[in-house]
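Colleague: One file is attached below, entry.txt, containing compact mmCIF, N, CA and C atoms.
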# COMPACT_ATOMS: atom_id res chain seq x y z
N LEU A 5 -14.12 12.05 11.03
CA LEU A 5 -12.98 12.64 10.35
C LEU A 5 -12.70 11.84 9.09
N LYS A 6 -12.75 12.53 7.95
CA LYS A 6 -12.46 11.87 6.68
C LYS A 6 -11.29 12.60 6.03
N PHE A 7 -10.35 11.85 5.56
CA PHE A 7 -9.25 12.47 4.83
C PHE A 7 -9.07 11.75 3.51
N ASP A 8 -8.46 12.44 2.59
CA ASP A 8 -8.27 11.90 1.24
C ASP A 8 -6.85 11.39 1.12
N ILE A 9 -6.67 10.09 1.26
CA ILE A 9 -5.34 9.49 1.20
C ILE A 9 -4.67 9.75 -0.15
N LYS A 10 -5.49 9.93 -1.18
CA LYS A 10 -4.94 10.20 -2.52
C LYS A 10 -4.18 11.52 -2.55
N LYS A 11 -4.61 12.49 -1.77
CA LYS A 11 -3.87 13.77 -1.72
C LYS A 11 -2.46 13.55 -1.20
N PHE A 12 -2.33 12.73 -0.17
CA PHE A 12 -1.00 12.40 0.35
C PHE A 12 -0.19 11.66 -0.72
N TYR A 13 -0.81 10.65 -1.31
CA TYR A 13 -0.16 9.83 -2.33
C TYR A 13 0.30 10.69 -3.50
N ASP A 14 -0.57 11.57 -3.98
CA ASP A 14 -0.24 12.43 -5.12
C ASP A 14 0.88 13.41 -4.80
N ARG A 15 1.06 13.70 -3.53
CA ARG A 15 2.12 14.63 -3.12
C ARG A 15 3.41 13.89 -2.77
N GLY A 16 3.43 12.57 -2.98
CA GLY A 16 4.65 11.80 -2.79
C GLY A 16 4.86 11.24 -1.40
N VAL A 17 3.84 11.34 -0.55
CA VAL A 17 3.95 10.74 0.79
C VAL A 17 3.86 9.22 0.64
N LYS A 18 4.78 8.52 1.27
CA LYS A 18 4.75 7.07 1.19
C LYS A 18 3.58 6.53 1.99
N ILE A 19 2.80 5.68 1.36
CA ILE A 19 1.68 5.04 2.02
C ILE A 19 1.80 3.53 1.84
N SER A 20 1.07 2.79 2.63
CA SER A 20 1.01 1.34 2.45
C SER A 20 -0.39 0.87 2.80
N VAL A 21 -0.72 -0.30 2.30
CA VAL A 21 -2.04 -0.89 2.55
C VAL A 21 -1.85 -2.01 3.56
N ASN A 22 -2.61 -1.95 4.65
CA ASN A 22 -2.45 -2.91 5.74
C ASN A 22 -3.80 -3.25 6.34
N THR A 23 -3.81 -4.29 7.11
CA THR A 23 -5.00 -4.65 7.89
C THR A 23 -4.58 -4.89 9.32
N ASP A 24 -5.56 -4.85 10.20
CA ASP A 24 -5.32 -5.28 11.57
C ASP A 24 -5.52 -6.79 11.60
N ASN A 25 -5.64 -7.33 12.75
CA ASN A 25 -5.93 -8.75 12.90
C ASN A 25 -7.27 -9.07 12.25
N VAL A 26 -7.25 -9.84 11.20
CA VAL A 26 -8.45 -10.13 10.40
C VAL A 26 -9.56 -10.77 11.24
N THR A 27 -9.19 -11.59 12.19
CA THR A 27 -10.21 -12.25 13.00
C THR A 27 -10.89 -11.28 13.96
N VAL A 28 -10.23 -10.20 14.30
CA VAL A 28 -10.81 -9.21 15.21
C VAL A 28 -11.58 -8.14 14.43
N SER A 29 -10.97 -7.63 13.36
CA SER A 29 -11.55 -6.49 12.65
C SER A 29 -12.42 -6.88 11.46
N ASN A 30 -12.32 -8.12 11.02
CA ASN A 30 -13.09 -8.59 9.85
C ASN A 30 -12.80 -7.74 8.62
N ILE A 31 -11.55 -7.32 8.46
CA ILE A 31 -11.11 -6.54 7.32
C ILE A 31 -10.02 -7.32 6.61
N SER A 32 -10.14 -7.46 5.30
CA SER A 32 -9.12 -8.18 4.53
C SER A 32 -8.30 -7.19 3.71
N ILE A 33 -7.16 -7.62 3.28
CA ILE A 33 -6.33 -6.77 2.42
C ILE A 33 -7.05 -6.49 1.11
N SER A 34 -7.80 -7.48 0.63
CA SER A 34 -8.58 -7.29 -0.61
C SER A 34 -9.62 -6.20 -0.44
N SER A 35 -10.28 -6.18 0.70
CA SER A 35 -11.30 -5.15 0.93
C SER A 35 -10.67 -3.76 1.03
N GLU A 36 -9.45 -3.69 1.57
CA GLU A 36 -8.76 -2.40 1.66
C GLU A 36 -8.38 -1.90 0.26
N TYR A 37 -7.88 -2.79 -0.60
CA TYR A 37 -7.58 -2.40 -1.98
C TYR A 37 -8.85 -1.97 -2.71
N PHE A 38 -9.93 -2.68 -2.49
CA PHE A 38 -11.19 -2.34 -3.12
C PHE A 38 -11.65 -0.94 -2.70
N LYS A 39 -11.50 -0.61 -1.44
CA LYS A 39 -11.87 0.73 -0.96
C LYS A 39 -11.03 1.81 -1.63
N LEU A 40 -9.75 1.55 -1.78
CA LEU A 40 -8.88 2.53 -2.44
C LEU A 40 -9.27 2.70 -3.91
N TYR A 41 -9.62 1.60 -4.54
CA TYR A 41 -10.07 1.64 -5.94
C TYR A 41 -11.41 2.38 -6.05
N ASN A 42 -12.33 1.98 -5.23
CA ASN A 42 -13.70 2.49 -5.29
C ASN A 42 -13.82 3.96 -4.86
N ASN A 43 -13.13 4.32 -3.79
CA ASN A 43 -13.28 5.66 -3.22
C ASN A 43 -12.30 6.70 -3.75
N PHE A 44 -11.14 6.25 -4.22
CA PHE A 44 -10.11 7.20 -4.61
C PHE A 44 -9.59 7.00 -6.03
N GLY A 45 -10.09 6.00 -6.73
CA GLY A 45 -9.70 5.79 -8.12
C GLY A 45 -8.31 5.23 -8.31
N LEU A 46 -7.73 4.67 -7.25
CA LEU A 46 -6.41 4.07 -7.41
C LEU A 46 -6.55 2.74 -8.13
N GLY A 47 -5.56 2.42 -8.96
CA GLY A 47 -5.62 1.20 -9.75
C GLY A 47 -4.38 0.36 -9.62
N LEU A 48 -4.25 -0.61 -10.51
CA LEU A 48 -3.18 -1.60 -10.43
C LEU A 48 -1.79 -0.97 -10.38
N GLU A 49 -1.50 -0.01 -11.24
CA GLU A 49 -0.18 0.61 -11.23
C GLU A 49 0.08 1.35 -9.92
N ASP A 50 -0.96 1.98 -9.38
CA ASP A 50 -0.83 2.64 -8.08
C ASP A 50 -0.53 1.61 -7.00
N PHE A 51 -1.24 0.48 -7.03
CA PHE A 51 -1.03 -0.56 -6.02
C PHE A 51 0.37 -1.14 -6.11
N LYS A 52 0.89 -1.28 -7.31
CA LYS A 52 2.27 -1.75 -7.46
C LYS A 52 3.23 -0.75 -6.82
N ARG A 53 3.02 0.53 -7.10
CA ARG A 53 3.89 1.57 -6.55
C ARG A 53 3.78 1.61 -5.02
N ILE A 54 2.58 1.48 -4.51
CA ILE A 54 2.37 1.50 -3.06
C ILE A 54 3.07 0.32 -2.40
N ASN A 55 3.07 -0.84 -3.04
CA ASN A 55 3.76 -2.00 -2.47
C ASN A 55 5.27 -1.81 -2.48
N VAL A 56 5.80 -1.16 -3.50
CA VAL A 56 7.23 -0.85 -3.52
C VAL A 56 7.55 0.12 -2.38
N MET A 57 6.67 1.11 -2.16
CA MET A 57 6.86 2.04 -1.04
C MET A 57 6.87 1.28 0.29
N ALA A 58 5.98 0.32 0.43
CA ALA A 58 5.90 -0.45 1.67
C ALA A 58 7.18 -1.24 1.91
N ILE A 59 7.69 -1.87 0.86
CA ILE A 59 8.94 -2.61 1.00
C ILE A 59 10.07 -1.66 1.36
N ASP A 60 10.12 -0.52 0.69
CA ASP A 60 11.17 0.46 0.94
C ASP A 60 11.12 0.99 2.37
N SER A 61 9.94 1.06 2.96
CA SER A 61 9.77 1.60 4.31
C SER A 61 9.84 0.55 5.41
N ALA A 62 9.94 -0.70 5.03
CA ALA A 62 9.95 -1.79 6.02
C ALA A 62 11.21 -1.76 6.87
N PHE A 63 11.08 -2.24 8.09
CA PHE A 63 12.23 -2.35 8.99
C PHE A 63 13.00 -3.63 8.67
N LEU A 64 13.66 -3.60 7.52
CA LEU A 64 14.44 -4.74 7.04
C LEU A 64 15.81 -4.26 6.59
N SER A 65 16.71 -5.20 6.45
CA SER A 65 18.03 -4.86 5.92
C SER A 65 17.91 -4.54 4.43
N VAL A 66 18.92 -3.89 3.90
CA VAL A 66 18.94 -3.57 2.47
C VAL A 66 18.86 -4.85 1.65
N GLU A 67 19.55 -5.89 2.10
CA GLU A 67 19.55 -7.16 1.38
C GLU A 67 18.14 -7.76 1.33
N GLU A 68 17.45 -7.72 2.48
CA GLU A 68 16.09 -8.26 2.53
C GLU A 68 15.13 -7.44 1.65
N LYS A 69 15.29 -6.13 1.67
CA LYS A 69 14.45 -5.28 0.82
C LYS A 69 14.70 -5.58 -0.66
N ASN A 70 15.97 -5.68 -1.02
CA ASN A 70 16.31 -5.98 -2.42
C ASN A 70 15.74 -7.33 -2.85
N TYR A 71 15.81 -8.30 -1.97
CA TYR A 71 15.24 -9.62 -2.26
C TYR A 71 13.74 -9.51 -2.50
N LEU A 72 13.03 -8.82 -1.61
CA LEU A 72 11.58 -8.66 -1.78
C LEU A 72 11.24 -7.89 -3.05
N LEU A 73 11.98 -6.83 -3.34
CA LEU A 73 11.73 -6.05 -4.55
C LEU A 73 11.93 -6.90 -5.81
N GLU A 74 12.98 -7.73 -5.77
CA GLU A 74 13.25 -8.62 -6.91
C GLU A 74 12.10 -9.61 -7.09
N LYS A 75 11.63 -10.20 -6.00
CA LYS A 75 10.51 -11.14 -6.07
C LYS A 75 9.23 -10.44 -6.52
N PHE A 76 9.02 -9.23 -6.04
CA PHE A 76 7.81 -8.48 -6.37
C PHE A 76 7.77 -8.14 -7.85
N ARG A 77 8.88 -7.72 -8.37
CA ARG A 77 8.92 -7.30 -9.78
C ARG A 77 8.94 -8.51 -10.68
Just give me the structure of the file as structure tokens.

Modeller:
Amino acid sequence: LKFDIKKFYDRGVKISVNTDNVTVSNISISSEYFKLYNNFGLGLEDFKRINVMAIDSAFLSVEEKNYLLEKFR
């Protein structure tokens, strides 16, 4: 089963980039970003937006989210 994550992204669905346990899956966050770049043409501005989406969707208080967004920007 292959799906195009960019279709979801382009339609405004919030996505985030994550890994499982690196020691078990041998997958790094860098390799996940590379796959998005290589396979779907996502770039730096997309990655910035995706990280803001991830912060916005996190199970954190508004204060914690604002703190992270401030640090990120």

Colleague: Pick from A:Asn70, A:Met57, A:Phe76, A:Ser65: nearest to Val17 (chain A), with all atoms listed in the file counted?

Modeller: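 For Val17 (chain A), the nearest of the candidates is A:Met57.
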
Colleague: For CA of Asp8 (chain A) and CA of Gly47 (chain A), determine how far apart the two atoms are, in Å to one decimal place.

Modeller: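 Separating CA of Asp8 (chain A) from CA of Gly47 (chain A) is a distance of 15.6 Å.
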
Colleague: Which value, in Å to one decimal, gives the distance between atom C of Ser34 (chain A) and CA of Phe51 (chain A)?

Modeller: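 One can read the atom C of Ser34 (chain A) to CA of Phe51 (chain A) distance as 11.7 Å.
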
Colleague: Quick one: DSSP helix (DSSP H, G or I) residues in chain A, as a ChimeraX atom specification?

Modeller: /A:9-14,26-29,33-44,48-61,66-76

Colleague: Identify the residues around (0.8, -1.3, -1.9) within a radius of 9 Å, measuring from only C-alpha atoms in the coordinates stated by the file, and give them as an MDAnalysis selection string.

Modeller: chainID A and resid 19:22 37 50:59

Colleague: I'd like the interatomic distance between atom C of Glu36 (chain A) and CA of Thr23 (chain A), to a tenth of an Å.

Modeller: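 Computed distance, atom C of Glu36 (chain A) to CA of Thr23 (chain A), equals 8.8 Å.
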
Colleague: Point out the residue among A:Leu48, A:Thr27, A:Ser35, A:Asp60 with the least atom-to-atom distance to Leu73 (chain A), counting all atoms listed in the file.

Modeller: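 When distances to Leu73 (chain A) are compared using all atoms listed in the file, the smallest one comes from A:Asp60.
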
Colleague: Restricting the calculation to only C-alpha atoms: of A:Ile9, A:Ile33, A:Ala62, A:Leu72, which residue gets closest to Gly45 (chain A)?

Modeller: A:Ile9
